[in-house]
Amino acid sequence: MSKKVLLEICTFNATDVALAVNAGADRIELCASYVEGGITPSAGAITEAFKLIDSNQIVVMIRPRGGDFIYDDYEFEMMKADILHCKTLGVKHVIFGIINQYGELDAARNAELVTLAAPMPCTLQRAFDMTKNAFDALETAIACGFRRILTSGQAASVLQGKLLVKELIQ
């Protein structure tokens with residue numbers, strides 16, 4: 001008996017959401033700004049997405065800017081405010097990740113955001129792929145309370161990183 005593979009599609013606006021839903025997406029990752037690699041979408045974008053797909057099937061990106069995943073105190077405060085705002089909008093699942101200047105997951109800040117987001121489940125986003133040790137990062141992610149990890153196995157594509165992904169799953 002095979003397990004059904006869920007199709008999650010990254011979207012950047014309501015038009016993308018509509019196209020993904022029509023293409024059979026089981027879940028949507030909602031972001032803004034494709035050029036920046038995905039940042040926190042606007043309240044309007046979230047509200048429009050809810051009109052197109054059940055809110056339980058939407059994962060909202062919490063990321064104050066593109067670039068690296070090392071955030072200063074102001075950006076961290078923005079992330080906290082965005083999570084609280086998402087809760088008021090009825091968001092059911094968020095995705096984010098913070099690393100430190102040493103290439104490790106920032107355990108304290110990630111754990112604080114996971115706690116703030118509760119009871120929403122949290123996914124660790126591709127900040128994971130920027131860590132220097134994937135196995136240490138996995139243990140830190142578990143300790144922080146992340147439910148899922150979005151990774152390409154620390155490679156440019158999941159096909160290139162599939163061996164590491166397999167090892168991490170084991």
# chains A, B, ... in the order shown; residues from 1 in each chain; ligands from 1

$ residues_around --residues "Ile9 (chain A)" --least-positions-apart "3" --cutoff "12 Å" --atoms "only C-alpha atoms" --output "number ranges by chain"
A: 6, 12-13, 16-31, 57-60

$ select_by_dssp --residues "chain A" --states "alpha helix (DSSP H)" --output "NGL selection string"
:A and (14-22 or 43-52 or 73-89 or 107-117 or 134-144 or 158-169)

$ residues_around --residues "region 115-118 of chain A" --least-positions-apart "3" --cutoff "8 Å" --atoms "only C-alpha atoms" --output "list in words"
Lys80, Ile83, Leu84, Lys87, Val94, Ala111, Glu112, Pro121 and Cys122 of chain A

$ residues_around --residues "Asn56 (chain A)" --least-positions-apart "2" --cutoff "8 Å" --atoms "only C-alpha atoms" --output "number ranges by chain"
A: 54, 58, 91-93

$ write_last_selection --atoms "all heavy atoms" --output "compact mmCIF listing (two decimals), in the first residue's frame"
# COMPACT_ATOMS: atom_id res chain seq x y z
N ASP A 54 -9.07 26.21 1.46
CA ASP A 54 -9.30 26.14 2.91
C ASP A 54 -8.06 26.61 3.68
O ASP A 54 -6.94 26.25 3.33
CB ASP A 54 -9.64 24.69 3.28
CG ASP A 54 -9.98 24.55 4.74
OD1 ASP A 54 -9.05 24.33 5.54
OD2 ASP A 54 -11.18 24.66 5.08
N ILE A 58 -3.15 26.21 3.88
CA ILE A 58 -2.25 27.31 3.56
C ILE A 58 -1.18 27.44 4.62
O ILE A 58 -1.47 27.49 5.81
CB ILE A 58 -3.02 28.64 3.44
CG1 ILE A 58 -4.06 28.55 2.31
CG2 ILE A 58 -2.07 29.80 3.20
CD1 ILE A 58 -4.98 29.75 2.22
N VAL A 91 -4.79 32.35 10.14
CA VAL A 91 -3.78 31.46 9.55
C VAL A 91 -3.60 30.25 10.47
O VAL A 91 -3.61 30.38 11.70
CB VAL A 91 -2.44 32.23 9.36
CG1 VAL A 91 -1.32 31.29 8.97
CG2 VAL A 91 -2.62 33.33 8.33
N LYS A 92 -3.43 29.08 9.87
CA LYS A 92 -3.34 27.84 10.64
C LYS A 92 -1.95 27.22 10.67
O LYS A 92 -1.72 26.26 11.40
CB LYS A 92 -4.32 26.80 10.06
CG LYS A 92 -5.76 27.25 9.97
CD LYS A 92 -6.41 27.29 11.32
CE LYS A 92 -7.91 27.41 11.25
NZ LYS A 92 -8.43 28.71 10.95
N HIS A 93 -1.00 27.75 9.87
CA HIS A 93 0.32 27.13 9.78
C HIS A 93 1.29 28.17 9.23
O HIS A 93 0.97 28.84 8.26
CB HIS A 93 0.25 25.93 8.84
CG HIS A 93 1.44 25.03 8.87
ND1 HIS A 93 1.31 23.67 8.90
CD2 HIS A 93 2.76 25.27 8.87
CE1 HIS A 93 2.53 23.12 8.90
NE2 HIS A 93 3.42 24.09 8.88

$ residues_around --residues "Gly153 (chain A)" --least-positions-apart "4" --cutoff "12 Å" --atoms "only C-alpha atoms" --output "list in words"
Gln125, Arg126, Ala127, Phe128, Asp129, Met130, Thr131, Lys132, Asn133, Ala134, Phe135, Ala137, Leu138, Ile149, Ser157, Val158, Leu159, Gln160, Gly161, Lys162, Leu163, Leu164, Val165, Lys166, Glu167, Leu168 and Ile169 of chain A

$ select_by_dssp --residues "chain A" --states "strand (DSSP E or B)" --output "VMD selection string"
chain A and resid 8 to 11 27 to 30 32 39 58 to 61 94 to 96 99 105 122 to 124 148 to 149

$ write_last_selection --atoms "N, CA and C atoms" --output "PDB file, in the first residue's frame"
ATOM      1  N   GLU A   8       2.456  20.301  -2.483  1.00  0.00           N
ATOM      2  CA  GLU A   8       2.457  21.655  -1.934  1.00  0.00           C
ATOM      3  C   GLU A   8       3.134  22.560  -2.949  1.00  0.00           C
ATOM      4  N   ILE A   9       2.465  23.654  -3.293  1.00  0.00           N
ATOM      5  CA  ILE A   9       2.981  24.566  -4.301  1.00  0.00           C
ATOM      6  C   ILE A   9       3.218  25.929  -3.668  1.00  0.00           C
ATOM      7  N   CYS A  10       4.382  26.480  -3.923  1.00  0.00           N
ATOM      8  CA  CYS A  10       4.730  27.808  -3.444  1.00  0.00           C
ATOM      9  C   CYS A  10       4.074  28.838  -4.358  1.00  0.00           C
ATOM     10  N   THR A  11       3.359  29.783  -3.748  1.00  0.00           N
ATOM     11  CA  THR A  11       2.644  30.809  -4.510  1.00  0.00           C
ATOM     12  C   THR A  11       3.020  32.199  -4.011  1.00  0.00           C
ATOM     13  N   ARG A  27      -1.799  21.610  -0.781  1.00  0.00           N
ATOM     14  CA  ARG A  27      -1.416  22.631   0.194  1.00  0.00           C
ATOM     15  C   ARG A  27      -0.699  23.747  -0.552  1.00  0.00           C
ATOM     16  N   ILE A  28      -0.803  24.962  -0.008  1.00  0.00           N
ATOM     17  CA  ILE A  28      -0.197  26.149  -0.604  1.00  0.00           C
ATOM     18  C   ILE A  28       0.784  26.746   0.388  1.00  0.00           C
ATOM     19  N   GLU A  29       1.971  27.092  -0.070  1.00  0.00           N
ATOM     20  CA  GLU A  29       2.857  27.946   0.714  1.00  0.00           C
ATOM     21  C   GLU A  29       2.689  29.338   0.135  1.00  0.00           C
ATOM     22  N   LEU A  30       2.196  30.254   0.962  1.00  0.00           N
ATOM     23  CA  LEU A  30       1.912  31.604   0.495  1.00  0.00           C
ATOM     24  C   LEU A  30       3.021  32.557   0.932  1.00  0.00           C
ATOM     25  N   ALA A  32       5.296  36.347  -0.578  1.00  0.00           N
ATOM     26  CA  ALA A  32       5.312  37.493  -1.487  1.00  0.00           C
ATOM     27  C   ALA A  32       6.713  37.554  -2.073  1.00  0.00           C
ATOM     28  N   ILE A  39       8.952  36.301   0.893  1.00  0.00           N
ATOM     29  CA  ILE A  39       8.886  37.055   2.142  1.00  0.00           C
ATOM     30  C   ILE A  39       7.437  37.009   2.638  1.00  0.00           C
ATOM     31  N   ILE A  58      -3.153  26.208   3.883  1.00  0.00           N
ATOM     32  CA  ILE A  58      -2.254  27.307   3.557  1.00  0.00           C
ATOM     33  C   ILE A  58      -1.178  27.439   4.624  1.00  0.00           C
ATOM     34  N   VAL A  59       0.071  27.477   4.180  1.00  0.00           N
ATOM     35  CA  VAL A  59       1.220  27.714   5.052  1.00  0.00           C
ATOM     36  C   VAL A  59       1.760  29.097   4.684  1.00  0.00           C
ATOM     37  N   VAL A  60       1.809  30.004   5.663  1.00  0.00           N
ATOM     38  CA  VAL A  60       2.215  31.379   5.382  1.00  0.00           C
ATOM     39  C   VAL A  60       3.667  31.609   5.780  1.00  0.00           C
ATOM     40  N   MET A  61       4.431  32.166   4.859  1.00  0.00           N
ATOM     41  CA  MET A  61       5.836  32.486   5.080  1.00  0.00           C
ATOM     42  C   MET A  61       5.959  33.666   6.045  1.00  0.00           C
ATOM     43  N   VAL A  94       2.448  28.295   9.862  1.00  0.00           N
ATOM     44  CA  VAL A  94       3.461  29.246   9.384  1.00  0.00           C
ATOM     45  C   VAL A  94       4.793  28.532   9.140  1.00  0.00           C
ATOM     46  N   ILE A  95       5.619  29.196   8.343  1.00  0.00           N
ATOM     47  CA  ILE A  95       6.941  28.675   7.997  1.00  0.00           C
ATOM     48  C   ILE A  95       7.959  29.801   8.152  1.00  0.00           C
ATOM     49  N   PHE A  96       9.062  29.515   8.826  1.00  0.00           N
ATOM     50  CA  PHE A  96      10.109  30.513   9.051  1.00  0.00           C
ATOM     51  C   PHE A  96      11.389  29.798   9.465  1.00  0.00           C
ATOM     52  N   ILE A  99      18.939  31.603  11.397  1.00  0.00           N
ATOM     53  CA  ILE A  99      20.249  31.048  11.727  1.00  0.00           C
ATOM     54  C   ILE A  99      21.100  32.160  12.339  1.00  0.00           C
ATOM     55  N   LEU A 105      21.341  26.915  13.573  1.00  0.00           N
ATOM     56  CA  LEU A 105      20.008  27.428  13.839  1.00  0.00           C
ATOM     57  C   LEU A 105      20.060  28.241  15.123  1.00  0.00           C
ATOM     58  N   CYS A 122       4.487  24.821  13.076  1.00  0.00           N
ATOM     59  CA  CYS A 122       5.507  25.614  12.387  1.00  0.00           C
ATOM     60  C   CYS A 122       6.421  24.708  11.577  1.00  0.00           C
ATOM     61  N   THR A 123       6.747  25.164  10.382  1.00  0.00           N
ATOM     62  CA  THR A 123       7.701  24.479   9.519  1.00  0.00           C
ATOM     63  C   THR A 123       8.978  25.298   9.491  1.00  0.00           C
ATOM     64  N   LEU A 124      10.113  24.621   9.588  1.00  0.00           N
ATOM     65  CA  LEU A 124      11.412  25.275   9.426  1.00  0.00           C
ATOM     66  C   LEU A 124      11.681  25.375   7.933  1.00  0.00           C
ATOM     67  N   ARG A 148       7.798  20.314  10.783  1.00  0.00           N
ATOM     68  CA  ARG A 148       8.299  19.894   9.475  1.00  0.00           C
ATOM     69  C   ARG A 148       9.521  20.720   9.135  1.00  0.00           C
ATOM     70  N   ILE A 149      10.293  20.211   8.175  1.00  0.00           N
ATOM     71  CA  ILE A 149      11.450  20.944   7.662  1.00  0.00           C
ATOM     72  C   ILE A 149      11.356  20.955   6.142  1.00  0.00           C
TER      73      ILE A 149
END

$ closest_residue --among "A:Pro64, A:Gly44, A:Gly103, A:Pro119" --to "Phe76 (chain A)" --atoms "only C-alpha atoms"
A:Pro64

$ residues_around --residues "Ile98 (chain A)" --least-positions-apart "4" --cutoff "7 Å" --atoms "only C-alpha atoms" --output "PDB file with N, CA and C atoms, in the first residue's frame"
ATOM      1  N   PHE A  69      19.449  34.438   6.362  1.00  0.00           N
ATOM      2  CA  PHE A  69      18.455  34.172   7.396  1.00  0.00           C
ATOM      3  C   PHE A  69      18.963  34.594   8.773  1.00  0.00           C
ATOM      4  N   ILE A  70      19.886  35.540   8.777  1.00  0.00           N
ATOM      5  CA  ILE A  70      20.420  36.107  10.014  1.00  0.00           C
ATOM      6  C   ILE A  70      19.705  37.444  10.202  1.00  0.00           C
ATOM      7  N   TYR A  71      18.850  37.520  11.220  1.00  0.00           N
ATOM      8  CA  TYR A  71      18.014  38.701  11.405  1.00  0.00           C
ATOM      9  C   TYR A  71      18.434  39.506  12.626  1.00  0.00           C
ATOM     10  N   LEU A 105      21.341  26.915  13.573  1.00  0.00           N
ATOM     11  CA  LEU A 105      20.008  27.428  13.839  1.00  0.00           C
ATOM     12  C   LEU A 105      20.060  28.241  15.123  1.00  0.00           C
ATOM     13  N   ASP A 106      19.379  29.371  15.144  1.00  0.00           N
ATOM     14  CA  ASP A 106      19.282  30.194  16.340  1.00  0.00           C
ATOM     15  C   ASP A 106      18.191  29.577  17.216  1.00  0.00           C
ATOM     16  N   ASN A 110      14.232  30.830  17.339  1.00  0.00           N
ATOM     17  CA  ASN A 110      13.282  29.932  16.679  1.00  0.00           C
ATOM     18  C   ASN A 110      12.292  29.365  17.687  1.00  0.00           C
ATOM     19  N   ALA A 127      16.146  28.004   5.581  1.00  0.00           N
ATOM     20  CA  ALA A 127      17.275  28.424   6.420  1.00  0.00           C
ATOM     21  C   ALA A 127      18.050  27.179   6.848  1.00  0.00           C
TER      22      ALA A 127
END

$ closest_residue --among "A:Ile62, A:Ala143, A:Met78, A:Leu89" --to "Glu48 (chain A)" --atoms "only C-alpha atoms"
A:Leu89

$ atom_distance --atom1 "CA of Tyr34 (chain A)" --atom2 "CA of Met79 (chain A)"
18.7 Å

$ atom_distance --atom1 "CA of Leu52 (chain A)" --atom2 "CA of Gly90 (chain A)"
14.4 Å

$ atom_distance --atom1 "CA of Phe146 (chain A)" --atom2 "CA of Ala81 (chain A)"
19.0 Å

$ closest_residue --among "A:Cys86, A:Val114, A:Leu7, A:Cys144" --to "Ile46 (chain A)" --atoms "only C-alpha atoms"
A:Cys86

$ closest_residue --among "A:Thr88, A:Asp82, A:Ser55, A:Ala141" --to "Ser42 (chain A)" --atoms "only C-alpha atoms"
A:Asp82
